[in-house]
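Quick look at coords.pdb (PDB, C-alpha atoms):
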```
ATOM      1  CA  MET A   1      93.214  43.972 -76.136
ATOM      2  CA  LYS A   2      89.918  45.865 -76.093
ATOM      3  CA  LYS A   3      88.830  44.190 -79.344
ATOM      4  CA  HIS A   4      89.575  40.821 -77.859
ATOM      5  CA  ARG A   5      87.490  41.608 -74.803
ATOM      6  CA  ARG A   6      84.582  42.836 -76.928
ATOM      7  CA  ARG A   7      84.708  39.673 -79.043
ATOM      8  CA  LEU A   8      84.828  37.524 -75.911
ATOM      9  CA  SER A   9      81.894  39.399 -74.396
ATOM     10  CA  SER A  10      79.893  39.076 -77.628
ATOM     11  CA  PHE A  11      80.691  35.353 -77.824
ATOM     12  CA  ARG A  12      79.571  34.834 -74.229
ATOM     13  CA  ARG A  13      76.295  36.692 -74.892
ATOM     14  CA  GLN A  14      75.658  34.601 -77.971
ATOM     15  CA  GLN A  15      76.485  31.439 -76.040
ATOM     16  CA  THR A  16      74.127  32.473 -73.205
ATOM     17  CA  LEU A  17      71.382  33.368 -75.685
ATOM     18  CA  GLY A  18      71.855  30.070 -77.446
ATOM     19  CA  GLU A  19      71.630  28.128 -74.206
ATOM     20  CA  PHE A  20      68.493  30.088 -73.253
ATOM     21  CA  THR A  21      66.915  29.396 -76.641
ATOM     22  CA  LEU A  22      67.821  25.734 -76.378
ATOM     23  CA  ARG A  23      66.256  25.555 -72.920
ATOM     24  CA  GLN A  24      63.120  27.254 -74.261
ATOM     25  CA  GLN A  25      62.901  24.765 -77.119
ATOM     26  CA  ARG A  26      63.367  21.848 -74.768
ATOM     27  CA  SER A  27      60.748  23.284 -72.366
ATOM     28  CA  SER A  28      58.319  23.831 -75.246
ATOM     29  CA  ARG A  29      58.840  20.260 -76.498
ATOM     30  CA  HIS A  30      58.314  18.988 -72.946
ATOM     31  CA  ARG A  31      55.041  20.946 -72.582
ATOM     32  CA  ARG A  32      53.764  19.674 -75.910
ATOM     33  CA  ALA A  33      54.618  16.133 -74.869
ATOM     34  CA  GLU A  34      52.713  16.617 -71.586
ATOM     35  CA  GLN A  35      49.721  18.028 -73.473
ATOM     36  CA  ARG A  36      49.728  15.044 -75.811
ATOM     37  CA  ASP A  37      49.834  12.696 -72.821
ATOM     38  CA  ARG A  38      46.925  14.504 -71.187
ATOM     39  CA  LEU A  39      44.920  14.405 -74.408
ATOM     40  CA  ARG A  40      45.540  10.666 -74.696
ATOM     41  CA  VAL A  41      43.843  10.305 -71.293
ATOM     42  CA  LEU A  42      41.155  13.022 -71.610
ATOM     43  CA  VAL A  43      39.839  12.240 -75.087
ATOM     44  CA  PRO A  44      38.816   8.628 -74.287
ATOM     45  CA  LEU A  45      37.361   9.838 -70.993
ATOM     46  CA  LEU A  46      35.284  12.536 -72.713
ATOM     47  CA  VAL A  47      34.116  10.055 -75.334
ATOM     48  CA  ALA A  48      33.105   7.622 -72.580
ATOM     49  CA  LEU A  49      31.210  10.368 -70.739
ATOM     50  CA  MET A  50      29.420  11.366 -73.942
ATOM     51  CA  LEU A  51      28.432   7.769 -74.639
ATOM     52  CA  LEU A  52      27.246   7.329 -71.055
ATOM     53  CA  SER A  53      25.173  10.525 -71.327
ATOM     54  CA  LEU A  54      23.632   9.337 -74.585
ATOM     55  CA  VAL A  55      22.774   5.982 -73.016
ATOM     56  CA  MET A  56      21.179   7.724 -70.016
ATOM     57  CA  ILE A  57      19.178  10.080 -72.245
ATOM     58  CA  ALA A  58      18.051   7.152 -74.389
ATOM     59  CA  GLY A  59      17.039   5.266 -71.235
ATOM     60  CA  ILE A  60      15.031   8.248 -69.955
ATOM     61  CA  LEU A  61      13.265   8.660 -73.299
ATOM     62  CA  LEU A  62      12.538   4.934 -73.519
ATOM     63  CA  ARG A  63      11.181   4.874 -69.962
ATOM     64  CA  SER A  64       9.024   7.914 -70.716
ATOM     65  CA  VAL A  65       7.628   6.306 -73.879
ATOM     66  CA  ARG A  66       6.898   3.030 -72.070
ATOM     67  CA  THR A  67       5.271   4.839 -69.142
ATOM     68  CA  ARG A  68       3.058   6.926 -71.406
ATOM     69  CA  ARG A  69       2.108   3.901 -73.478
ATOM     70  CA  LEU A  70       1.152   1.887 -70.384
ATOM     71  CA  ASN A  71      -0.809   4.811 -68.952
ATOM     72  CA  GLU A  72      -2.670   5.234 -72.247
ATOM     73  CA  GLU A  73      -3.514   1.522 -72.362
ATOM     74  CA  LEU A  74      -4.809   1.548 -68.783
ATOM     75  CA  ALA A  75      -6.741   4.783 -69.373
ATOM     76  CA  ALA A  76      -8.337   3.238 -72.477
ATOM     77  CA  ILE A  77      -9.462   0.217 -70.439
ATOM     78  CA  HIS A  78     -10.809   2.495 -67.705
ATOM     79  CA  ALA A  79     -12.619   4.793 -70.161
ATOM     80  CA  GLY A  80     -13.961   1.942 -72.291
ATOM     81  CA  GLN A  81     -15.358   0.037 -69.339
ATOM     82  CA  THR A  82     -16.849   3.241 -67.902
ATOM     83  CA  GLU A  83     -18.619   4.042 -71.177
ATOM     84  CA  ALA A  84     -19.849   0.458 -71.452
ATOM     85  CA  GLY A  85     -21.274   0.615 -67.946
ATOM     86  CA  LEU A  86     -22.998   3.945 -68.634
ATOM     87  CA  SER A  87     -24.454   2.635 -71.901
ATOM     88  CA  ALA A  88     -25.802  -0.477 -70.174
ATOM     89  CA  SER A  89     -27.386   1.643 -67.456
ATOM     90  CA  ALA A  90     -28.963   3.981 -70.019
ATOM     91  CA  ALA A  91     -30.323   1.044 -72.020
ATOM     92  CA  GLU A  92     -31.817  -0.526 -68.912
ATOM     93  CA  GLU A  93     -33.496   2.738 -67.939
ATOM     94  CA  ALA A  94     -34.997   3.023 -71.436
ATOM     95  CA  LEU A  95     -36.714  -0.407 -71.245
ATOM     96  CA  PRO A  96     -40.236  -0.753 -69.866
ATOM     97  CA  ALA A  97     -40.227  -2.078 -66.339
ATOM     98  CA  SER A  98     -41.932  -5.322 -67.408
ATOM     99  CA  THR A  99     -39.065  -6.174 -69.808
ATOM    100  CA  ILE A 100     -36.251  -5.732 -67.307
ATOM    101  CA  ARG A 101     -34.972  -9.046 -66.107
ATOM    102  CA  PRO A 102     -33.023  -9.362 -62.896
ATOM    103  CA  THR A 103     -29.413 -10.212 -63.607
ATOM    104  CA  ALA A 104     -27.569 -12.972 -61.849
ATOM    105  CA  GLU A 105     -25.468 -11.966 -58.911
ATOM    106  CA  PRO A 106     -21.854 -11.418 -60.068
ATOM    107  CA  GLU A 107     -19.218 -13.809 -58.884
ATOM    108  CA  PRO A 108     -17.567 -12.281 -55.826
ATOM    109  CA  THR A 109     -14.049 -11.086 -56.382
ATOM    110  CA  ALA A 110     -11.270 -11.920 -53.981
ATOM    111  CA  GLU A 111     -11.134  -9.361 -51.225
ATOM    112  CA  PRO A 112      -8.065  -7.109 -51.319
ATOM    113  CA  GLU A 113      -6.056  -6.480 -48.212
ATOM    114  CA  PHE A 114      -7.588  -3.023 -47.859
ATOM    115  CA  THR A 115     -11.243  -4.110 -47.584
ATOM    116  CA  ALA A 116     -13.517  -3.087 -44.782
ATOM    117  CA  GLU A 117     -12.619  -3.717 -41.214
ATOM    118  CA  PRO A 118     -14.873  -6.010 -39.089
ATOM    119  CA  SER A 119     -18.308  -4.583 -38.369
ATOM    120  CA  PRO A 120     -18.103  -1.986 -35.588
ATOM    121  CA  ALA A 121     -19.539  -2.573 -32.185
ATOM    122  CA  PRO A 122     -23.112  -1.292 -31.669
ATOM    123  CA  GLN A 123     -21.903   1.819 -29.845
ATOM    124  CA  GLU A 124     -19.941   2.842 -32.948
ATOM    125  CA  ALA A 125     -22.882   2.440 -35.310
ATOM    126  CA  THR A 126     -23.443   6.200 -35.587
ATOM    127  CA  ALA A 127     -19.796   6.986 -36.395
ATOM    128  CA  ALA A 128     -19.220   8.929 -39.627
ATOM    129  CA  ARG A 129     -18.827   6.921 -42.828
ATOM    130  CA  PHE A 130     -16.848   8.651 -45.566
ATOM    131  CA  HIS A 131     -16.516   5.917 -48.204
ATOM    132  CA  GLN A 132     -18.414   2.927 -49.496
ATOM    133  CA  VAL A 133     -16.503  -0.297 -48.957
ATOM    134  CA  GLY A 134     -17.810  -3.566 -50.311
ATOM    135  CA  GLY A 135     -20.824  -4.391 -52.431
ATOM    136  CA  THR A 136     -20.944  -4.682 -56.206
ATOM    137  CA  PRO A 137     -17.668  -3.356 -57.687
ATOM    138  CA  LEU A 138     -17.673  -0.814 -60.503
ATOM    139  CA  ALA A 139     -17.278  -2.696 -63.789
ATOM    140  CA  HIS A 140     -14.320  -0.656 -65.050
ATOM    141  CA  MET A 141     -12.531  -0.963 -61.725
ATOM    142  CA  GLU A 142     -13.114  -4.708 -61.451
ATOM    143  CA  THR A 143     -11.518  -5.267 -64.871
ATOM    144  CA  LEU A 144      -8.356  -3.448 -63.788
ATOM    145  CA  TYR A 145      -8.416  -5.010 -60.314
ATOM    146  CA  ASN A 146      -8.331  -8.463 -61.901
ATOM    147  CA  GLN A 147      -5.039  -7.466 -63.551
ATOM    148  CA  ASN A 148      -3.467  -6.255 -60.285
ATOM    149  CA  HIS A 149      -5.032  -6.843 -56.867
ATOM    150  CA  ASP A 150      -3.065  -3.900 -55.410
ATOM    151  CA  LEU A 151      -5.423  -1.511 -57.223
ATOM    152  CA  ILE A 152      -7.399   0.717 -54.840
ATOM    153  CA  GLY A 153      -8.672   3.500 -57.098
ATOM    154  CA  TRP A 154      -8.384   5.627 -60.230
ATOM    155  CA  LEU A 155      -7.444   9.333 -60.094
ATOM    156  CA  SER A 156      -8.658  11.679 -62.840
ATOM    157  CA  ILE A 157      -8.155  15.421 -63.346
ATOM    158  CA  SER A 158      -9.218  16.621 -66.774
ATOM    159  CA  GLU A 159      -6.144  17.317 -68.975
ATOM    160  CA  VAL A 160      -3.857  16.681 -65.978
ATOM    161  CA  ILE A 161      -4.010  13.099 -64.619
ATOM    162  CA  ASP A 162      -5.737   9.862 -65.599
ATOM    163  CA  LEU A 163      -3.973   7.104 -63.637
ATOM    164  CA  PRO A 164      -4.506   4.081 -61.363
ATOM    165  CA  VAL A 165      -3.817   4.279 -57.630
ATOM    166  CA  MET A 166      -2.285   1.325 -55.793
ATOM    167  CA  TYR A 167      -2.072   0.239 -52.142
ATOM    168  CA  ARG A 168       0.768  -1.911 -50.825
ATOM    169  CA  ASP A 169       3.381  -0.011 -48.822
ATOM    170  CA  ASN A 170       5.241   3.274 -49.170
ATOM    171  CA  ARG A 171       8.180   1.821 -51.135
ATOM    172  CA  TYR A 172       7.199  -0.717 -53.782
ATOM    173  CA  TYR A 173       5.328   1.557 -56.195
ATOM    174  CA  LEU A 174       8.035   4.203 -56.035
ATOM    175  CA  THR A 175       9.955   1.977 -58.456
ATOM    176  CA  HIS A 176       7.343  -0.304 -60.088
ATOM    177  CA  ASP A 177       4.591   0.256 -62.629
ATOM    178  CA  PHE A 178       1.039  -1.098 -62.674
ATOM    179  CA  ASN A 179       2.265  -4.378 -64.201
ATOM    180  CA  LYS A 180       4.840  -4.711 -61.378
ATOM    181  CA  ASN A 181       7.752  -4.113 -63.750
ATOM    182  CA  LYS A 182      10.726  -2.032 -62.618
ATOM    183  CA  ASN A 183      10.183   1.611 -63.570
ATOM    184  CA  THR A 184      11.720   4.683 -61.946
ATOM    185  CA  ALA A 185       8.526   6.641 -62.706
ATOM    186  CA  GLY A 186       6.671   4.329 -60.319
ATOM    187  CA  THR A 187       2.883   4.456 -59.891
ATOM    188  CA  LEU A 188       0.504   6.549 -57.800
ATOM    189  CA  PHE A 189      -0.209   4.910 -54.447
ATOM    190  CA  LEU A 190      -2.228   5.408 -51.289
ATOM    191  CA  ASP A 191      -0.168   6.064 -48.161
ATOM    192  CA  VAL A 192       0.085   2.899 -46.080
ATOM    193  CA  ASN A 193      -1.048   4.789 -42.951
ATOM    194  CA  HIS A 194      -4.175   6.121 -44.700
ATOM    195  CA  ARG A 195      -5.705   2.711 -45.282
ATOM    196  CA  PHE A 196      -8.926   2.767 -47.305
ATOM    197  CA  THR A 197     -11.843   2.146 -44.942
ATOM    198  CA  GLU A 198     -15.323   3.573 -44.497
ATOM    199  CA  LYS A 199     -14.078   5.817 -41.704
ATOM    200  CA  THR A 200     -10.841   7.114 -43.283
ATOM    201  CA  GLN A 201     -11.612  10.814 -43.585
ATOM    202  CA  ASN A 202      -8.421  11.885 -45.375
ATOM    203  CA  LEU A 203      -6.897   9.797 -48.195
ATOM    204  CA  LEU A 204      -3.244  10.653 -48.924
ATOM    205  CA  LEU A 205      -1.891   9.796 -52.401
ATOM    206  CA  HIS A 206       1.804   9.891 -53.396
ATOM    207  CA  GLY A 207       3.447  10.088 -56.810
ATOM    208  CA  HIS A 208       6.719  11.147 -58.419
ATOM    209  CA  ASN A 209       7.118  14.647 -59.871
ATOM    210  CA  MET A 210       8.363  13.437 -63.273
ATOM    211  CA  LYS A 211       9.919  16.047 -65.562
ATOM    212  CA  ASP A 212       8.203  14.489 -68.591
ATOM    213  CA  GLY A 213       4.820  15.301 -67.028
ATOM    214  CA  THR A 214       3.856  11.735 -66.140
ATOM    215  CA  MET A 215       2.625  10.678 -62.673
ATOM    216  CA  PHE A 216       2.340  13.887 -60.571
ATOM    217  CA  GLY A 217       4.639  15.824 -62.924
ATOM    218  CA  ARG A 218       1.980  18.371 -63.878
ATOM    219  CA  LEU A 219       0.869  19.209 -60.352
ATOM    220  CA  VAL A 220       3.643  21.795 -60.031
ATOM    221  CA  HIS A 221       1.622  24.041 -62.372
ATOM    222  CA  TYR A 222      -0.980  24.414 -59.619
ATOM    223  CA  PHE A 223       1.599  26.119 -57.424
ATOM    224  CA  GLN A 224       3.133  28.226 -60.204
ATOM    225  CA  ASP A 225       0.021  29.532 -61.930
ATOM    226  CA  ILE A 226      -3.281  30.483 -60.312
ATOM    227  CA  ASP A 227      -5.004  30.352 -63.701
ATOM    228  CA  TYR A 228      -3.990  26.694 -63.991
ATOM    229  CA  TYR A 229      -5.709  26.049 -60.671
ATOM    230  CA  ARG A 230      -8.798  27.934 -61.803
ATOM    231  CA  SER A 231      -8.918  25.829 -64.978
ATOM    232  CA  HIS A 232      -8.486  22.444 -63.236
ATOM    233  CA  PRO A 233     -10.097  22.599 -59.767
ATOM    234  CA  PHE A 234     -12.040  19.311 -59.845
ATOM    235  CA  VAL A 235     -10.707  15.853 -59.011
ATOM    236  CA  ARG A 236     -12.443  12.529 -59.604
ATOM    237  CA  PHE A 237     -11.463   9.487 -57.581
ATOM    238  CA  ASP A 238     -12.997   6.142 -58.518
ATOM    239  CA  THR A 239     -12.699   3.573 -55.744
ATOM    240  CA  LEU A 240     -13.489  -0.097 -56.360
ATOM    241  CA  TRP A 241     -17.117   0.557 -55.372
ATOM    242  CA  GLU A 242     -18.058   4.164 -56.118
ATOM    243  CA  THR A 243     -17.104   7.382 -57.907
ATOM    244  CA  GLU A 244     -16.135  10.291 -55.661
ATOM    245  CA  GLU A 245     -15.706  13.899 -56.784
ATOM    246  CA  TYR A 246     -13.648  16.566 -55.031
ATOM    247  CA  VAL A 247     -12.758  20.245 -55.369
ATOM    248  CA  ILE A 248      -9.285  21.636 -54.553
ATOM    249  CA  PHE A 249      -9.245  24.223 -51.770
ATOM    250  CA  ALA A 250      -5.535  24.432 -50.773
ATOM    251  CA  VAL A 251      -2.191  24.299 -52.624
ATOM    252  CA  LEU A 252       0.881  24.293 -50.387
ATOM    253  CA  ARG A 253       4.651  24.000 -50.504
ATOM    254  CA  VAL A 254       5.624  22.217 -47.302
ATOM    255  CA  PRO A 255       9.255  22.042 -46.086
ATOM    256  CA  LEU A 256      10.576  18.771 -44.642
ATOM    257  CA  ASP A 257      12.248  20.623 -41.764
ATOM    258  CA  VAL A 258       9.906  20.199 -38.794
ATOM    259  CA  TYR A 259      11.372  23.358 -37.235
ATOM    260  CA  ASP A 260      10.445  25.514 -40.228
ATOM    261  CA  GLU A 261       7.464  27.749 -39.435
ATOM    262  CA  ARG A 262       5.839  26.645 -42.722
ATOM    263  CA  PHE A 263       5.999  22.952 -41.810
ATOM    264  CA  ILE A 264       2.671  21.098 -41.652
ATOM    265  CA  ASN A 265       2.279  17.486 -40.584
ATOM    266  CA  TYR A 266      -0.062  16.608 -43.441
ATOM    267  CA  TYR A 267       0.823  12.892 -43.510
ATOM    268  CA  SER A 268      -0.506  11.851 -40.086
ATOM    269  CA  HIS A 269      -4.212  12.614 -40.373
ATOM    270  CA  PRO A 270      -6.199   9.718 -41.841
ATOM    271  CA  THR A 271      -8.824  10.543 -39.194
ATOM    272  CA  PHE A 272      -9.369  13.311 -36.620
ATOM    273  CA  ALA A 273      -9.992  12.983 -32.917
ATOM    274  CA  SER A 274     -12.628  15.739 -32.861
ATOM    275  CA  ASP A 275     -14.296  18.415 -34.938
ATOM    276  CA  ALA A 276     -12.018  20.964 -33.297
ATOM    277  CA  SER A 277      -8.864  19.137 -34.397
ATOM    278  CA  PHE A 278     -10.276  18.873 -37.928
ATOM    279  CA  ASP A 279     -11.065  22.610 -38.005
ATOM    280  CA  ALA A 280      -7.597  23.471 -36.686
ATOM    281  CA  TYR A 281      -5.923  21.337 -39.343
ATOM    282  CA  VAL A 282      -7.990  22.813 -42.189
ATOM    283  CA  ARG A 283      -7.332  26.329 -40.920
ATOM    284  CA  GLN A 284      -3.589  25.622 -40.944
ATOM    285  CA  LEU A 285      -3.839  24.394 -44.547
ATOM    286  CA  GLN A 286      -5.766  27.494 -45.618
ATOM    287  CA  LEU A 287      -3.360  29.913 -43.933
ATOM    288  CA  ASN A 288      -0.344  28.304 -45.612
ATOM    289  CA  SER A 289      -1.955  27.786 -49.008
ATOM    290  CA  ALA A 290      -0.564  29.675 -51.998
ATOM    291  CA  TYR A 291      -4.136  30.821 -52.683
ATOM    292  CA  ALA A 292      -7.000  32.102 -50.573
ATOM    293  CA  VAL A 293      -9.991  30.129 -51.834
ATOM    294  CA  PRO A 294     -13.511  30.944 -50.500
ATOM    295  CA  ILE A 295     -14.584  27.294 -50.301
ATOM    296  CA  ASP A 296     -15.763  26.198 -46.858
ATOM    297  CA  VAL A 297     -14.662  22.887 -45.344
ATOM    298  CA  LYS A 298     -16.632  21.154 -42.577
ATOM    299  CA  PRO A 299     -15.808  18.291 -40.175
ATOM    300  CA  SER A 300     -18.351  16.159 -42.052
ATOM    301  CA  ASP A 301     -16.358  16.482 -45.320
ATOM    302  CA  ALA A 302     -14.043  13.799 -46.693
ATOM    303  CA  LEU A 303     -10.592  14.996 -47.793
ATOM    304  CA  LEU A 304      -8.256  13.860 -50.558
ATOM    305  CA  THR A 305      -4.574  14.901 -50.389
ATOM    306  CA  LEU A 306      -2.062  14.676 -53.268
ATOM    307  CA  SER A 307       1.650  14.830 -52.381
ATOM    308  CA  THR A 308       4.793  14.998 -54.539
ATOM    309  CA  CYS A 309       8.314  16.446 -54.446
ATOM    310  CA  ILE A 310       9.112  20.033 -55.431
ATOM    311  CA  ASP A 311      12.863  20.601 -55.152
ATOM    312  CA  GLU A 312      13.716  19.783 -51.517
ATOM    313  CA  ASP A 313      10.155  20.384 -50.287
ATOM    314  CA  ARG A 314       6.772  18.728 -50.794
ATOM    315  CA  LEU A 315       3.967  20.012 -52.970
ATOM    316  CA  VAL A 316       0.667  19.267 -51.248
ATOM    317  CA  ILE A 317      -2.743  19.712 -52.868
ATOM    318  CA  VAL A 318      -5.782  19.203 -50.635
ATOM    319  CA  CYS A 319      -9.355  18.646 -51.855
ATOM    320  CA  ARG A 320     -12.712  18.203 -50.164
ATOM    321  CA  ARG A 321     -15.563  15.978 -51.351
ATOM    322  CA  ILE A 322     -18.274  17.729 -53.330
ATOM    323  CA  ARG A 323     -21.435  17.630 -51.224
ATOM    324  CA  ASP A 324     -24.857  16.436 -52.247
ATOM    325  CA  GLY A 325     -26.708  19.308 -53.881
ATOM    326  CA  GLU A 326     -23.563  21.286 -54.748
ATOM    327  CA  THR A 327     -23.061  22.149 -58.408
ATOM    328  CA  ARG A 328     -19.843  22.566 -60.345
ATOM    329  CA  THR A 329     -21.164  25.890 -61.614
ATOM    330  CA  ARG A 330     -21.365  27.333 -58.105
ATOM    331  CA  LEU A 331     -18.013  25.859 -57.079
ATOM    332  CA  ASN A 332     -16.419  27.271 -60.236
ATOM    333  CA  GLU A 333     -17.687  30.712 -59.243
ATOM    334  CA  LEU A 334     -15.939  30.364 -55.877
ATOM    335  CA  VAL A 335     -12.736  29.044 -57.476
ATOM    336  CA  ARG A 336     -12.591  32.078 -59.787
ATOM    337  CA  LEU A 337     -12.566  34.292 -56.667
ATOM    338  CA  ALA A 338      -9.299  32.674 -55.475
ATOM    339  CA  GLN A 339      -6.409  35.095 -54.884
ATOM    340  CA  ARG A 340      -2.707  34.506 -54.344
ATOM    341  CA  GLN A 341      -1.715  35.187 -50.740
TER     342      GLN A 341
END
```

So that I can check it, write out the structure of this file as structure tokens.
Amino acid sequence: MKKHRRRLSSFRRQQTLGEFTLRQQRSSRHRRAEQRDRLRVLVPLLVALMLLSLVMIAGILLRSVRTRRLNEELAAIHAGQTEAGLSASAAEEALPASTIRPTAEPEPTAEPEFTAEPSPAPQEATAARFHQVGGTPLAHMETLYNQNHDLIGWLSISEVIDLPVMYRDNRYYLTHDFNKNKNTAGTLFLDVNHRFTEKTQNLLLHGHNMKDGTMFGRLVHYFQDIDYYRSHPFVRFDTLWETEEYVIFAVLRVPLDVYDERFINYYSHPTFASDASFDAYVRQLQLNSAYAVPIDVKPSDALLTLSTCIDEDRLVIVCRRIRDGETRTRLNELVRLAQRQ
């Protein structure tokens, strides 16, 4: 009787173990089937994502190559025409006065939308004039202007920027190049509210902070490295009618939050109501600048402001016109005294 019970108990254990093993096998087969089903869905999805990423990377590289190529072509036109103009001027100066023949007046070019406003009333005749508007256009600028009538200037910083500046609105050239083709790198442009006139004291230029270094992509180095600022403090801005030279005196990171204590309304000052308001604005720039630069700025100075994105904020670089009689040597000495603050 006891043997029979032991055999029955052993048989039941074996039966239970067998059922458990069978359930495990079935569960394992079920899991493997589920994994295979998931892989059938995930593998094509991963392949599609990889292909999409490759297409996006290829598009970015292609856009970068096209942008650089266009910029190089435009810079070559600008440089070539500039050199030609300088050579012609030098040749004319070398001729005896009796051999110089007056040249015919150039054909007038069509006036762009940003040309001078109507002549001021007599009581405004003594108002400050910060830019030349009208007259004989610079040869290298006229050549480029004939290709695109939105051209307003050319911005040059040695080893940093050598690009055209457009004027239309604050949207179009965010997504279009100089030839008006779609391009996410866009083109540098003058803020629509800082219209180029003789009396516009502060010109505000916008451009994308491109990771490939095009447009305003290299300006971030000014904020990151004081030695970069010391090596590239001078800015040249060719308008349609004259060449202007500036020196950088403030480099700021400005938050978009108007309630942030570091916020500065840098985009609403094409002109200033008084010398006091100008001084207050410049003082605010200097106090919030990444660097303390011992370069003075007066209400009679013209300003040039460069603006681009830096993360969620704005990188703002402010320059003042180099005055008559000032030398780059002296300004370089002051720039070398700049300290991070």

Subject >> 7 Å contact set for segment 235-251 of chain A, all atoms listed in the file, chain neighbours under 6 positions out, as a VMD selection string >> reply: chain A and resid 132 to 138 141 to 142 152 to 157 223 285 to 286 289 to 291 293 295 316 to 322

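Atom CA of Asn265 of chain A lies 22.4 Å from atom CA of Val165 of chain A.
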
**OP:** Could you give me, as a PyMOL selection string, the residues that sit within 7 Å of (5.7, 2.9, -58.6) in the file's coordinates, counting all atoms listed in the file?
**Re:** chain A and resi 172-177+183+185-188

**OP:** Could you check how far atom CA of Leu74 of chain A sits from atom CA of Pro233 of chain A, in Å to one decimal?
**Re:**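 It comes out at 23.5 Å.
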
Original post:
Mind pulling up the distance from atom CA of Asp260 of chain A to atom CA of Asn193 of chain A?
Top reply: 23.9 Å

Original post:
Pick from A:Leu49, A:Val160, A:Ala128, A:Met166: nearest to Val220 of chain A, with all atoms listed in the file counted?
Top reply: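 Counting all atoms listed in the file, the residue closest to Val220 of chain A is A:Val160.
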
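Distances to Ile77 of chain A were evaluated for A:Thr327, A:Gln147, A:Asn288, A:Asn181 using all atoms listed in the file, and the minimum falls at A:Gln147.
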
Subject >> Answer key for the PyMOL selection byres ((chain A and resi 262) around 10), residues as a list of chain:residue names >> reply: A:Leu252, A:Arg253, A:Val254, A:Pro255, A:Leu256, A:Asp257, A:Val258, A:Tyr259, A:Asp260, A:Glu261, A:Phe263, A:Ile264, A:Gln284, A:Leu287, A:Asn288

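Distances here use all atoms listed in the file; by that measure, the residue among A:Lys199, A:His208, A:Arg171, A:Arg328 closest to Arg129 of chain A is A:Lys199.
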
Subject >> Shortest interatomic distance to Tyr222 of chain A - which of A:Gln201, A:Arg340, A:His131, A:Ala302, counting all atoms listed in the file >> reply: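 When distances to Tyr222 of chain A are compared using all atoms listed in the file, the smallest one comes from A:Arg340.
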
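Remark: for Met210 of chain A, the closest of the candidate residues A:Cys309, A:Ile161, A:Tyr145, A:Leu315 is A:Cys309 (distances computed over all atoms listed in the file).
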
**OP:** Could you tell me which residues the PyMOL selection byres ((chain A and resi 168) around 8) returns for this structure, as an MDAnalysis selection string?
**Re:** chainID A and resid 150 166:167 169:170 172:173 189:190 192

**OP:** Please evaluate the PyMOL selection byres ((chain A and resi 200) around 12) against the structure above and give the resulting residues as a PyMOL selection string.
**Re:** chain A and resi 114+116-117+127-133+190-191+193-199+201-204+268-273+300-304

What are the centre and edge lengths in Å, to one decimal, of the axis-aligned box around all listed atoms of segment 292-300 of chain A with 4 Å added on each side, as JSON?
```
{"center_x": -12.7, "center_y": 24.1, "center_z": -46.0, "size_x": 19.4, "size_y": 23.9, "size_z": 19.7}
```

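Ranking A:Val43, A:Leu205, A:Ala139, A:Leu219 by their shortest atom-to-atom distance to Glu159 of chain A, with all atoms listed in the file included, puts A:Leu219 first.
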